[in-house]
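Text of upload-v2.txt, listed as compact mmCIF, C-alpha atoms (C1' of nucleotides):
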```txt
# COMPACT_ATOMS: atom_id res chain seq x y z
CA MET A 13 102.11 81.32 96.21
CA CYS A 14 100.38 80.02 93.11
CA ALA A 15 102.14 79.55 89.78
CA ARG A 16 101.03 78.85 86.26
CA ALA A 17 101.46 75.26 85.07
CA GLY A 18 102.52 74.09 81.64
CA ARG A 19 99.11 73.76 80.04
CA GLY A 20 97.98 77.14 81.27
CA ILE A 21 95.83 75.75 84.04
CA GLN A 22 96.11 77.48 87.39
CA VAL A 23 97.73 75.05 89.82
CA CYS A 24 98.85 75.85 93.35
CA VAL A 25 102.58 75.42 93.98
CA GLU A 26 102.62 72.88 91.16
CA LEU A 27 100.81 70.05 92.95
CA ASP A 28 99.68 67.40 90.52
CA GLN A 29 97.02 64.77 91.10
CA LEU A 30 99.61 62.29 92.43
CA ASP A 31 100.83 64.76 95.05
CA ARG A 32 97.26 65.38 96.13
CA ALA A 33 96.57 61.65 96.31
CA ILE A 34 99.66 61.14 98.46
CA ILE A 35 98.62 63.95 100.79
CA ARG A 36 95.14 62.46 101.05
CA GLU A 37 96.67 59.16 102.10
CA LEU A 38 98.99 60.82 104.61
CA VAL A 39 96.13 62.80 106.14
CA GLU A 40 94.33 59.50 106.68
CA ASP A 41 97.34 57.72 108.14
CA ALA A 42 100.70 59.41 108.34
CA ARG A 43 102.43 56.26 109.57
CA ALA A 44 101.53 54.21 106.52
CA THR A 45 104.61 52.85 104.79
CA TYR A 46 105.72 54.39 101.50
CA ALA A 47 105.12 51.03 99.83
CA GLU A 48 101.52 51.01 101.01
CA ILE A 49 100.89 54.57 99.88
CA GLY A 50 102.59 53.79 96.59
CA GLN A 51 100.30 50.86 96.02
CA ARG A 52 97.21 53.02 96.56
CA VAL A 53 98.31 55.86 94.30
CA GLY A 54 100.11 53.70 91.74
CA LEU A 55 103.75 54.51 92.47
CA SER A 56 106.80 52.73 93.85
CA ALA A 57 107.88 53.31 97.42
CA PRO A 58 110.99 55.40 96.55
CA ALA A 59 108.93 57.55 94.20
CA VAL A 60 106.48 58.28 97.00
CA LYS A 61 109.28 59.16 99.38
CA ARG A 62 110.86 61.56 96.89
CA ARG A 63 107.52 63.31 96.41
CA VAL A 64 106.89 63.53 100.14
CA ASP A 65 110.37 65.02 100.65
CA ARG A 66 109.70 67.52 97.87
CA LEU A 67 106.31 68.43 99.36
CA GLN A 68 108.02 69.07 102.69
CA GLU A 69 110.68 71.28 101.09
CA LYS A 70 107.98 73.25 99.28
CA GLY A 71 106.14 73.72 102.56
CA ALA A 72 102.96 72.00 101.40
CA ILE A 73 103.58 69.43 104.10
CA LYS A 74 104.57 71.20 107.29
CA GLY A 75 105.15 68.13 109.43
CA PHE A 76 103.71 64.97 110.90
CA THR A 77 101.58 64.86 113.98
CA VAL A 78 99.15 62.81 115.94
CA ARG A 79 95.39 63.26 116.14
CA VAL A 80 94.65 63.53 119.84
CA ASP A 81 91.30 63.47 121.59
CA PRO A 82 91.31 66.80 123.49
CA ALA A 83 88.99 65.38 126.14
CA ALA A 84 91.42 62.54 126.87
CA LEU A 85 94.02 65.14 127.78
CA GLY A 86 91.60 67.07 129.93
CA TRP A 87 90.61 69.82 127.49
CA THR A 88 86.88 69.30 127.93
CA THR A 89 85.65 72.88 127.65
CA GLU A 90 85.94 75.22 124.68
CA ALA A 91 84.82 78.72 123.88
CA TYR A 92 84.92 81.29 121.11
CA VAL A 93 85.75 84.85 122.11
CA GLU A 94 85.21 87.89 119.94
CA LEU A 95 87.67 90.69 120.63
CA PHE A 96 86.73 94.35 120.24
CA CYS A 97 89.90 96.44 120.19
CA ARG A 98 90.49 100.16 120.39
CA GLY A 99 91.18 102.37 117.37
CA LYS A 100 94.61 101.53 116.08
CA THR A 101 95.43 98.01 117.27
CA SER A 102 97.64 96.00 114.94
CA PRO A 103 97.23 92.27 114.30
CA ALA A 104 100.76 91.88 115.65
CA ASP A 105 99.69 93.35 119.01
CA ILE A 106 96.86 90.86 119.22
CA ALA A 107 99.15 88.03 118.16
CA THR A 108 101.74 88.69 120.85
CA ALA A 109 99.14 89.14 123.56
CA VAL A 110 97.35 85.98 122.54
CA ALA A 111 100.57 83.97 122.28
CA ARG A 112 101.01 84.38 126.03
CA ASN A 113 97.94 82.19 126.51
CA PRO A 114 98.53 78.59 125.45
CA GLU A 115 94.80 77.94 125.83
CA VAL A 116 94.18 79.96 122.67
CA VAL A 117 94.36 77.32 119.95
CA SER A 118 93.20 79.56 117.12
CA ALA A 119 93.12 83.29 116.56
CA CYS A 120 92.47 85.50 113.56
CA THR A 121 91.46 89.00 112.65
CA ILE A 122 88.08 89.18 110.97
CA THR A 123 85.68 91.47 109.17
CA GLY A 124 82.53 92.64 110.91
CA GLU A 125 81.93 94.29 114.24
CA ALA A 126 84.58 92.40 116.18
CA ASP A 127 88.27 92.78 115.36
CA ALA A 128 89.41 89.26 116.18
CA LEU A 129 88.02 85.84 116.96
CA LEU A 130 89.74 83.48 119.39
CA HIS A 131 89.15 79.78 119.95
CA ILE A 132 89.97 78.67 123.48
CA ARG A 133 90.39 75.18 124.92
CA ALA A 134 90.34 74.81 128.67
CA THR A 135 89.94 72.20 131.36
CA ASP A 136 86.68 73.55 132.78
CA MET A 137 84.47 76.62 132.88
CA ARG A 138 86.47 78.29 135.62
CA HIS A 139 89.56 77.91 133.46
CA VAL A 140 87.77 79.49 130.47
CA GLU A 141 86.80 82.40 132.66
CA GLN A 142 90.39 82.90 133.80
CA VAL A 143 91.69 82.97 130.25
CA ILE A 144 89.02 85.44 129.12
CA GLU A 145 89.80 87.65 132.10
CA ARG A 146 93.48 87.61 131.29
CA ILE A 147 92.85 88.55 127.67
CA ALA A 148 90.27 91.20 128.56
CA ALA A 149 92.91 92.78 130.80
CA GLU A 150 95.09 93.62 127.78
CA GLU A 151 95.24 97.37 127.40
CA PHE A 152 94.07 97.36 123.76
CA VAL A 153 90.98 95.24 124.46
CA VAL A 154 87.83 97.33 124.78
CA ARG A 155 85.32 94.52 125.12
CA THR A 156 84.95 90.78 124.65
CA LYS A 157 81.97 88.64 123.69
CA SER A 158 82.16 84.95 124.52
CA SER A 159 80.27 81.92 123.31
CA ILE A 160 80.67 78.60 125.09
CA VAL A 161 80.70 75.53 122.88
CA LEU A 162 77.78 73.26 123.72
CA SER A 163 78.52 70.34 121.40
CA ARG A 164 81.02 69.88 118.62
CA LEU A 165 79.48 68.65 115.37
CA VAL A 166 82.42 68.75 112.96
CA ASP A 167 86.17 69.03 113.41
CA THR A 168 88.51 68.36 110.50
CA PRO A 169 91.73 70.18 109.71
CA LEU A 170 90.91 70.57 106.01
CA PRO A 171 88.05 70.15 103.55
CA THR A 172 87.89 66.49 102.60
CA SER A 173 87.31 67.05 98.90
CA MET B 5 85.42 59.28 130.05
CA CYS B 6 87.37 59.99 133.21
CA ALA B 7 88.06 57.39 135.87
CA ARG B 8 89.27 57.51 139.40
CA ALA B 9 92.87 56.52 139.99
CA GLY B 10 94.22 54.45 142.83
CA ARG B 11 95.13 57.26 145.19
CA GLY B 12 91.80 59.00 144.70
CA ILE B 13 93.17 61.70 142.42
CA GLN B 14 91.04 62.49 139.37
CA VAL B 15 93.00 61.43 136.29
CA CYS B 16 91.68 61.39 132.73
CA VAL B 17 91.63 57.89 131.23
CA GLU B 18 94.64 57.09 133.41
CA LEU B 19 97.28 59.02 131.48
CA ASP B 20 100.50 59.32 133.46
CA GLN B 21 103.30 61.78 132.88
CA LEU B 22 105.13 59.39 130.53
CA ASP B 23 102.05 59.05 128.33
CA ARG B 24 101.72 62.81 128.21
CA ALA B 25 105.40 63.23 127.35
CA ILE B 26 105.07 60.70 124.53
CA ILE B 27 102.01 62.48 123.15
CA ARG B 28 103.88 65.78 123.32
CA GLU B 29 106.68 64.27 121.25
CA LEU B 30 104.27 62.76 118.75
CA VAL B 31 102.42 66.04 118.32
CA GLU B 32 105.76 67.64 117.45
CA ASP B 33 106.82 64.89 115.06
CA ALA B 34 104.70 61.81 114.56
CA ARG B 35 107.34 60.18 112.37
CA ALA B 36 110.04 60.25 115.01
CA THR B 37 111.38 56.78 115.71
CA TYR B 38 110.31 55.01 118.88
CA ALA B 39 113.96 54.93 119.92
CA GLU B 40 114.23 58.70 119.57
CA ILE B 41 111.04 59.32 121.52
CA GLY B 42 112.20 56.83 124.11
CA GLN B 43 115.47 58.67 124.51
CA ARG B 44 113.65 61.96 125.12
CA VAL B 45 111.18 60.59 127.63
CA GLY B 46 113.53 58.08 129.26
CA LEU B 47 112.17 54.79 127.94
CA SER B 48 113.23 52.04 125.55
CA ALA B 49 111.79 51.82 122.05
CA PRO B 50 109.53 48.82 122.71
CA ALA B 51 108.18 50.45 125.85
CA VAL B 52 107.24 53.53 123.84
CA LYS B 53 105.54 51.44 121.19
CA ARG B 54 103.55 49.54 123.78
CA ARG B 55 102.32 52.79 125.30
CA VAL B 56 101.44 54.28 121.93
CA ASP B 57 99.44 51.17 121.06
CA ARG B 58 97.65 51.36 124.38
CA LEU B 59 96.89 55.07 123.89
CA GLN B 60 95.39 54.26 120.52
CA GLU B 61 93.23 51.49 121.96
CA LYS B 62 92.03 53.84 124.68
CA GLY B 63 91.16 56.46 122.09
CA ALA B 64 93.48 59.12 123.45
CA ILE B 65 95.39 58.91 120.17
CA LYS B 66 92.91 58.85 117.31
CA GLY B 67 95.43 58.49 114.49
CA PHE B 68 98.43 59.92 112.71
CA THR B 69 98.22 62.68 110.15
CA VAL B 70 100.20 65.21 108.27
CA ARG B 71 100.19 68.95 108.93
CA VAL B 72 99.26 70.50 105.61
CA ASP B 73 99.44 74.12 104.58
CA PRO B 74 95.84 74.85 103.50
CA ALA B 75 97.03 77.55 101.11
CA ALA B 76 99.28 75.08 99.31
CA LEU B 77 96.22 73.01 98.50
CA GLY B 78 94.29 76.04 97.34
CA TRP B 79 92.25 76.76 100.49
CA THR B 80 93.23 80.41 100.67
CA THR B 81 90.01 81.93 101.98
CA GLU B 82 88.28 81.22 105.27
CA ALA B 83 85.22 82.51 107.04
CA TYR B 84 83.26 82.03 110.25
CA VAL B 85 79.51 81.84 109.92
CA GLU B 86 77.04 82.20 112.77
CA LEU B 87 73.82 80.27 112.27
CA PHE B 88 70.50 81.47 113.65
CA CYS B 89 68.01 78.62 113.53
CA ARG B 90 64.28 78.50 114.04
CA GLY B 91 62.63 77.38 117.27
CA LYS B 92 63.18 73.70 117.66
CA THR B 93 66.23 72.78 115.59
CA SER B 94 68.30 69.89 116.94
CA PRO B 95 72.10 69.76 116.79
CA ALA B 96 71.67 66.60 114.72
CA ASP B 97 69.76 68.53 112.05
CA ILE B 98 72.55 71.08 111.85
CA ALA B 99 75.16 68.32 111.77
CA THR B 100 73.62 66.49 108.84
CA ALA B 101 73.03 69.67 106.86
CA VAL B 102 76.57 70.84 107.48
CA ALA B 103 78.07 67.44 106.66
CA ARG B 104 76.86 67.88 103.08
CA ASN B 105 79.36 70.74 102.73
CA PRO B 106 82.97 69.54 102.82
CA GLU B 107 84.10 73.17 103.06
CA VAL B 108 82.86 73.28 106.65
CA VAL B 109 85.92 72.22 108.62
CA SER B 110 84.48 72.95 112.04
CA ALA B 111 80.99 73.29 113.42
CA CYS B 112 79.53 73.48 116.90
CA THR B 113 76.47 74.62 118.75
CA ILE B 114 77.14 77.54 121.08
CA THR B 115 75.64 79.70 123.77
CA GLY B 116 74.65 83.28 122.97
CA GLU B 117 72.47 84.78 120.29
CA ALA B 118 73.52 82.44 117.50
CA ASP B 119 72.74 78.73 117.65
CA ALA B 120 75.82 77.44 115.85
CA LEU B 121 79.20 78.59 114.61
CA LEU B 122 80.76 77.21 111.43
CA HIS B 123 84.31 77.53 110.19
CA ILE B 124 84.58 77.40 106.40
CA ARG B 125 87.61 76.95 104.16
CA ALA B 126 87.23 77.80 100.50
CA THR B 127 89.29 78.54 97.43
CA ASP B 128 88.19 82.15 97.01
CA MET B 129 85.53 84.64 98.04
CA ARG B 130 83.07 83.49 95.40
CA HIS B 131 83.39 79.98 96.78
CA VAL B 132 82.73 81.21 100.33
CA GLU B 133 79.62 82.94 99.06
CA GLN B 134 78.37 79.76 97.40
CA VAL B 135 78.80 77.71 100.56
CA ILE B 136 77.04 80.30 102.71
CA GLU B 137 74.20 80.47 100.21
CA ARG B 138 73.85 76.69 100.25
CA ILE B 139 73.74 76.61 104.06
CA ALA B 140 71.39 79.58 104.30
CA ALA B 141 69.02 77.72 101.99
CA GLU B 142 68.48 75.00 104.62
CA GLU B 143 64.90 75.15 105.81
CA PHE B 144 65.77 75.48 109.49
CA VAL B 145 68.18 78.41 108.98
CA VAL B 146 66.57 81.74 109.75
CA ARG B 147 69.59 83.96 109.28
CA THR B 148 73.38 83.81 108.99
CA LYS B 149 76.08 86.25 110.00
CA SER B 150 79.46 85.88 108.35
CA SER B 151 82.93 87.11 109.19
CA ILE B 152 85.72 86.76 106.67
CA VAL B 153 89.13 85.92 108.09
CA LEU B 154 91.61 88.68 107.35
CA SER B 155 94.78 87.15 108.76
CA ARG B 156 95.40 84.05 110.81
CA LEU B 157 97.45 84.67 113.94
CA VAL B 158 97.39 81.30 115.70
CA ASP B 159 96.44 77.80 114.60
CA THR B 160 97.32 74.83 116.78
CA PRO B 161 95.23 71.72 117.31
CA LEU B 162 95.70 71.71 121.09
CA PRO B 163 97.02 73.90 123.90
CA THR B 164 100.79 73.46 124.06
CA SER B 165 101.03 73.27 127.83
C1' DG C 13 111.69 52.23 89.11
C1' DC C 14 114.98 48.77 91.02
C1' DT C 15 118.44 46.99 94.23
C1' DG C 16 121.25 46.46 98.31
C1' DA C 17 123.01 48.22 102.57
C1' DA C 18 121.66 50.56 106.79
C1' DA C 19 118.13 51.74 110.07
C1' DG C 20 113.92 51.03 112.42
C1' DA C 21 109.93 48.19 114.00
C1' DT C 22 108.32 44.34 116.33
C1' DC C 23 108.26 40.17 118.88
C1' DA C 24 109.41 36.72 122.59
C1' DC C 25 111.60 36.26 126.56
C1' DG C 26 113.62 37.36 131.17
C1' DC C 27 113.42 40.47 135.05
C1' DA C 28 111.96 44.05 138.58
C1' DG C 29 108.61 46.66 141.37
C1' DC D 6 100.61 41.07 137.77
C1' DT D 7 101.64 44.81 135.18
C1' DG D 8 105.38 47.04 132.84
C1' DC D 9 110.39 47.66 131.34
C1' DG D 10 114.57 46.24 128.89
C1' DT D 11 117.40 43.13 125.80
C1' DG D 12 118.49 40.83 121.75
C1' DA D 13 116.93 38.29 117.37
C1' DT D 14 114.39 38.90 113.24
C1' DC D 15 111.74 40.96 109.92
C1' DT D 16 110.34 45.24 107.50
C1' DT D 17 111.18 49.78 105.80
C1' DT D 18 113.91 53.41 104.36
C1' DC D 19 117.12 55.48 101.36
C1' DA D 20 121.05 56.33 98.26
C1' DG D 21 123.17 54.47 94.77
C1' DC D 22 122.23 53.39 89.66
```

Any chance you could put this one into structure tokens?
Amino acid sequence: MCARAGRGIQVCVELDQLDRAIIRELVEDARATYAEIGQRVGLSAPAVKRRVDRLQEKGAIKGFTVRVDPAALGWTTEAYVELFCRGKTSPADIATAVARNPEVVSACTITGEADALLHIRATDMRHVEQVIERIAAEEFVVRTKSSIVLSRLVDTPLPTS
Amino acid sequence: MCARAGRGIQVCVELDQLDRAIIRELVEDARATYAEIGQRVGLSAPAVKRRVDRLQEKGAIKGFTVRVDPAALGWTTEAYVELFCRGKTSPADIATAVARNPEVVSACTITGEADALLHIRATDMRHVEQVIERIAAEEFVVRTKSSIVLSRLVDTPLPTS
DNA sequence: GCTGAAAGATCACGCAG
DNA sequence: CTGCGTGATCTTTCAGC
């Protein structure tokens, strides 16, 4: 994933400072015009477009989307669920089981006592309960441990530095 | 946040099916043209734009961004950290402390044994350790419990239903 | 990086439920 | 009275060079 740049400095997929500046701008406002972005980072509009296209081809930019307020769409309740699985459960098993539940917005295998951690968004507490029940019913799940989110303090897709 | 609609049915900030369809399209590709979105949802381009503007004013749409591959930017390591705080620690205290660390991409107070759960993105394991140390050094933090992410299975901003 | 042709955004206006 | 569609105009994109 990471390659060695000309000067011998470790750089990830060859992103220079201009690429990073462009991405910063796009994270802020992905509908800004190329001319506007170019002005901020010191490039012409076509140059910005070429770099954005290249970043998309390289996979650094995976697409453009909209920042939505979950509450406005009715997703007012969220929970984190630790999954304790039996002996030989593969990440793939967990992935397929979890993929059947659209309410699971994030899932990963982790170190520690639990095997996986899920992040669930639901419409209300009853809905959360239903999702947890459905997941707990999977044959490889031994036990679950849930934490309801009381208040969200931070939510950004990436570190802002 | 939620208001009562004409017929007495509970609707969140008055989003109808067309608004939801438009948001679905924008989540998929926020750089799609209004004409293209209009074609998919059965509206003209100006009508789509008007609705998008209105959704932004209402706060349902908070902005447009780019989906970035964290690994491409060097954020290859992630961890979840449970925070155990002393007696009377307010969410605001946690928020301000956590805000000093850009590596914390998500933070919330939760039910259960721990008081808060943080999601950290870092460049490597040493970096994770540094961030945890810095947070653990906060005066109100009694103890932390960390889980390193082994492999990410799911990562979407919102439920896809 | 610049330029020109093609495409999209945006606005005012007229019209329907 | 709110909301959609149409057509004119202005801006942006994008492929030459």

Chain A least-squares fitted onto chain B over all paired Cα atoms, as an mmCIF file with C-alpha atoms, keeping the file's coordinate frame:
```cif
data_model
loop_
_atom_site.group_PDB
_atom_site.id
_atom_site.type_symbol
_atom_site.label_atom_id
_atom_site.label_comp_id
_atom_site.auth_asym_id
_atom_site.auth_seq_id
_atom_site.Cartn_x
_atom_site.Cartn_y
_atom_site.Cartn_z
ATOM 1 C CA MET A 13 85.437 59.601 130.491
ATOM 2 C CA CYS A 14 87.528 60.428 133.531
ATOM 3 C CA ALA A 15 88.363 57.903 136.239
ATOM 4 C CA ARG A 16 89.863 58.089 139.678
ATOM 5 C CA ALA A 17 93.515 57.053 139.952
ATOM 6 C CA GLY A 18 95.148 55.115 142.751
ATOM 7 C CA ARG A 19 96.251 58.010 144.919
ATOM 8 C CA GLY A 20 92.894 59.713 144.708
ATOM 9 C CA ILE A 21 94.026 62.307 142.216
ATOM 10 C CA GLN A 22 91.675 62.983 139.334
ATOM 11 C CA VAL A 23 93.351 61.751 136.155
ATOM 12 C CA CYS A 24 91.752 61.567 132.725
ATOM 13 C CA VAL A 25 91.525 58.064 131.252
ATOM 14 C CA GLU A 26 94.519 57.125 133.388
ATOM 15 C CA LEU A 27 97.188 59.025 131.450
ATOM 16 C CA ASP A 28 100.380 59.300 133.435
ATOM 17 C CA GLN A 29 103.202 61.759 132.872
ATOM 18 C CA LEU A 30 104.998 59.327 130.528
ATOM 19 C CA ASP A 31 101.932 58.993 128.305
ATOM 20 C CA ARG A 32 101.629 62.759 128.154
ATOM 21 C CA ALA A 33 105.318 63.113 127.325
ATOM 22 C CA ILE A 34 104.974 60.576 124.518
ATOM 23 C CA ILE A 35 101.951 62.394 123.117
ATOM 24 C CA ARG A 36 103.840 65.681 123.276
ATOM 25 C CA GLU A 37 106.635 64.131 121.245
ATOM 26 C CA LEU A 38 104.222 62.630 118.722
ATOM 27 C CA VAL A 39 102.413 65.943 118.286
ATOM 28 C CA GLU A 40 105.772 67.497 117.437
ATOM 29 C CA ASP A 41 106.803 64.755 115.033
ATOM 30 C CA ALA A 42 104.649 61.711 114.503
ATOM 31 C CA ARG A 43 107.236 60.024 112.291
ATOM 32 C CA ALA A 44 109.929 59.988 114.948
ATOM 33 C CA THR A 45 111.142 56.475 115.663
ATOM 34 C CA TYR A 46 110.108 54.779 118.900
ATOM 35 C CA ALA A 47 113.773 54.650 119.897
ATOM 36 C CA GLU A 48 114.078 58.408 119.519
ATOM 37 C CA ILE A 49 110.919 59.092 121.494
ATOM 38 C CA GLY A 50 112.056 56.605 124.110
ATOM 39 C CA GLN A 51 115.334 58.409 124.502
ATOM 40 C CA ARG A 52 113.569 61.731 125.097
ATOM 41 C CA VAL A 53 111.079 60.409 127.634
ATOM 42 C CA GLY A 54 113.406 57.864 129.235
ATOM 43 C CA LEU A 55 111.968 54.589 127.953
ATOM 44 C CA SER A 56 113.009 51.791 125.616
ATOM 45 C CA ALA A 57 111.621 51.634 122.109
ATOM 46 C CA PRO A 58 109.315 48.620 122.739
ATOM 47 C CA ALA A 59 107.958 50.270 125.873
ATOM 48 C CA VAL A 60 107.067 53.364 123.871
ATOM 49 C CA LYS A 61 105.369 51.293 121.205
ATOM 50 C CA ARG A 62 103.282 49.412 123.766
ATOM 51 C CA ARG A 63 102.142 52.698 125.298
ATOM 52 C CA VAL A 64 101.315 54.199 121.918
ATOM 53 C CA ASP A 65 99.280 51.093 121.025
ATOM 54 C CA ARG A 66 97.468 51.330 124.355
ATOM 55 C CA LEU A 67 96.781 55.045 123.837
ATOM 56 C CA GLN A 68 95.291 54.228 120.441
ATOM 57 C CA GLU A 69 93.069 51.491 121.886
ATOM 58 C CA LYS A 70 91.876 53.869 124.601
ATOM 59 C CA GLY A 71 91.061 56.460 121.957
ATOM 60 C CA ALA A 72 93.400 59.103 123.359
ATOM 61 C CA ILE A 73 95.302 58.888 120.101
ATOM 62 C CA LYS A 74 92.842 58.843 117.231
ATOM 63 C CA GLY A 75 95.341 58.489 114.408
ATOM 64 C CA PHE A 76 98.339 59.925 112.628
ATOM 65 C CA THR A 77 98.167 62.695 110.111
ATOM 66 C CA VAL A 78 100.133 65.309 108.308
ATOM 67 C CA ARG A 79 100.188 69.037 108.999
ATOM 68 C CA VAL A 80 99.334 70.642 105.682
ATOM 69 C CA ASP A 81 99.535 74.287 104.700
ATOM 70 C CA PRO A 82 95.940 75.038 103.601
ATOM 71 C CA ALA A 83 97.148 77.766 101.253
ATOM 72 C CA ALA A 84 99.429 75.315 99.438
ATOM 73 C CA LEU A 85 96.364 73.258 98.585
ATOM 74 C CA GLY A 86 94.424 76.286 97.455
ATOM 75 C CA TRP A 87 92.350 76.936 100.581
ATOM 76 C CA THR A 88 93.299 80.599 100.829
ATOM 77 C CA THR A 89 90.045 82.064 102.122
ATOM 78 C CA GLU A 90 88.289 81.313 105.398
ATOM 79 C CA ALA A 91 85.195 82.543 107.148
ATOM 80 C CA TYR A 92 83.204 82.045 110.322
ATOM 81 C CA VAL A 93 79.439 81.814 109.960
ATOM 82 C CA GLU A 94 76.969 82.119 112.797
ATOM 83 C CA LEU A 95 73.771 80.166 112.226
ATOM 84 C CA PHE A 96 70.419 81.333 113.582
ATOM 85 C CA CYS A 97 67.950 78.453 113.416
ATOM 86 C CA ARG A 98 64.214 78.282 113.902
ATOM 87 C CA GLY A 99 62.537 77.120 117.114
ATOM 88 C CA LYS A 100 63.112 73.420 117.447
ATOM 89 C CA THR A 101 66.194 72.569 115.384
ATOM 90 C CA SER A 102 68.275 69.695 116.713
ATOM 91 C CA PRO A 103 72.078 69.588 116.607
ATOM 92 C CA ALA A 104 71.706 66.450 114.498
ATOM 93 C CA ASP A 105 69.795 68.409 111.832
ATOM 94 C CA ILE A 106 72.575 70.960 111.688
ATOM 95 C CA ALA A 107 75.202 68.227 111.612
ATOM 96 C CA THR A 108 73.690 66.411 108.647
ATOM 97 C CA ALA A 109 73.109 69.603 106.701
ATOM 98 C CA VAL A 110 76.625 70.796 107.369
ATOM 99 C CA ALA A 111 78.173 67.428 106.512
ATOM 100 C CA ARG A 112 77.007 67.917 102.931
ATOM 101 C CA ASN A 113 79.478 70.791 102.643
ATOM 102 C CA PRO A 114 83.093 69.630 102.757
ATOM 103 C CA GLU A 115 84.180 73.267 103.035
ATOM 104 C CA VAL A 116 82.898 73.321 106.613
ATOM 105 C CA VAL A 117 85.951 72.261 108.603
ATOM 106 C CA SER A 118 84.469 72.936 112.027
ATOM 107 C CA ALA A 119 80.961 73.238 113.379
ATOM 108 C CA CYS A 120 79.469 73.377 116.852
ATOM 109 C CA THR A 121 76.380 74.475 118.684
ATOM 110 C CA ILE A 122 76.998 77.371 121.032
ATOM 111 C CA THR A 123 75.449 79.491 123.743
ATOM 112 C CA GLY A 124 74.429 83.057 122.993
ATOM 113 C CA GLU A 125 72.283 84.572 120.296
ATOM 114 C CA ALA A 126 73.381 82.280 117.485
ATOM 115 C CA ASP A 127 72.646 78.554 117.578
ATOM 116 C CA ALA A 128 75.753 77.308 115.801
ATOM 117 C CA LEU A 129 79.126 78.509 114.612
ATOM 118 C CA LEU A 130 80.720 77.187 111.427
ATOM 119 C CA HIS A 131 84.294 77.537 110.220
ATOM 120 C CA ILE A 132 84.593 77.462 106.443
ATOM 121 C CA ARG A 133 87.655 77.059 104.231
ATOM 122 C CA ALA A 134 87.316 77.948 100.584
ATOM 123 C CA THR A 135 89.403 78.714 97.540
ATOM 124 C CA ASP A 136 88.283 82.329 97.157
ATOM 125 C CA MET A 137 85.592 84.783 98.184
ATOM 126 C CA ARG A 138 83.172 83.646 95.511
ATOM 127 C CA HIS A 139 83.512 80.115 96.844
ATOM 128 C CA VAL A 140 82.791 81.300 100.410
ATOM 129 C CA GLU A 141 79.687 83.027 99.149
ATOM 130 C CA GLN A 142 78.481 79.866 97.419
ATOM 131 C CA VAL A 143 78.897 77.787 100.549
ATOM 132 C CA ILE A 144 77.086 80.342 102.716
ATOM 133 C CA GLU A 145 74.267 80.493 100.185
ATOM 134 C CA ARG A 146 73.939 76.739 100.181
ATOM 135 C CA ILE A 147 73.796 76.593 103.968
ATOM 136 C CA ALA A 148 71.416 79.549 104.228
ATOM 137 C CA ALA A 149 69.087 77.668 101.879
ATOM 138 C CA GLU A 150 68.531 74.933 104.485
ATOM 139 C CA GLU A 151 64.937 75.056 105.622
ATOM 140 C CA PHE A 152 65.796 75.338 109.337
ATOM 141 C CA VAL A 153 68.161 78.290 108.859
ATOM 142 C CA VAL A 154 66.513 81.612 109.661
ATOM 143 C CA ARG A 155 69.534 83.853 109.257
ATOM 144 C CA THR A 156 73.310 83.745 108.979
ATOM 145 C CA LYS A 157 75.991 86.201 110.057
ATOM 146 C CA SER A 158 79.394 85.860 108.433
ATOM 147 C CA SER A 159 82.834 87.118 109.330
ATOM 148 C CA ILE A 160 85.669 86.830 106.835
ATOM 149 C CA VAL A 161 89.065 85.993 108.277
ATOM 150 C CA LEU A 162 91.525 88.799 107.598
ATOM 151 C CA SER A 163 94.695 87.264 109.029
ATOM 152 C CA ARG A 164 95.313 84.152 111.059
ATOM 153 C CA LEU A 165 97.337 84.766 114.217
ATOM 154 C CA VAL A 166 97.279 81.368 115.924
ATOM 155 C CA ASP A 167 96.393 77.871 114.771
ATOM 156 C CA THR A 168 97.262 74.864 116.914
ATOM 157 C CA PRO A 169 95.188 71.736 117.386
ATOM 158 C CA LEU A 170 95.621 71.703 121.171
ATOM 159 C CA PRO A 171 96.895 73.857 124.025
ATOM 160 C CA THR A 172 100.654 73.442 124.178
ATOM 161 C CA SER A 173 100.887 73.193 127.950
#
```

Return as a Markdown table the residues of chain A lying at most 12 Å from chain C, together with the closest atom-to-atom pair for each and the distance in Å to one decimal, counting all atoms listed in the file, with rows in chain order and ascending residue number.
```
| residue | atom | partner | partner_atom | distance |
| --- | --- | --- | --- | --- |
| A:Arg43 | CA | C:DA21 | C1' | 11.9 |
| A:Thr45 | CA | C:DA21 | C1' | 11.6 |
| A:Gly50 | CA | C:DG13 | C1' | 11.9 |
| A:Gly54 | CA | C:DG13 | C1' | 12.0 |
| A:Leu55 | CA | C:DG13 | C1' | 8.9 |
| A:Ser56 | CA | C:DG13 | C1' | 6.8 |
| A:Ala57 | CA | C:DG13 | C1' | 9.2 |
| A:Pro58 | CA | C:DG13 | C1' | 8.1 |
| A:Ala59 | CA | C:DG13 | C1' | 7.9 |
| A:Val60 | CA | C:DG13 | C1' | 11.2 |
```

Counting all atoms listed in the file, which residues from chain A have an atom at most 6 Å from any atom of chain B, and could you show them as JSON, numbers by chain? {"A": [38, 39, 41, 42, 72, 73, 74, 75, 76, 77, 78, 79, 80, 81, 84, 107, 114, 115, 117, 118, 119, 120, 121, 122, 123, 124, 159, 160, 161, 162, 163, 164, 165, 166, 167, 168, 170, 171, 172]}

Compute the chain D side of the contact with chain B at 12 Å, counting only C-alpha atoms (C1' of nucleotides), and hand it back as a PDB file with C-alpha atoms (C1' of nucleotides), in the coordinates of the input.
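Output (result.pdb):
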```
ATOM      1  C1'  DG D   8     105.380  47.040 132.840  1.00  0.00           C
ATOM      2  C1'  DC D   9     110.390  47.660 131.340  1.00  0.00           C
ATOM      3  C1'  DG D  10     114.570  46.240 128.890  1.00  0.00           C
ATOM      4  C1'  DT D  11     117.400  43.130 125.800  1.00  0.00           C
TER       5       DT D  11
END
```
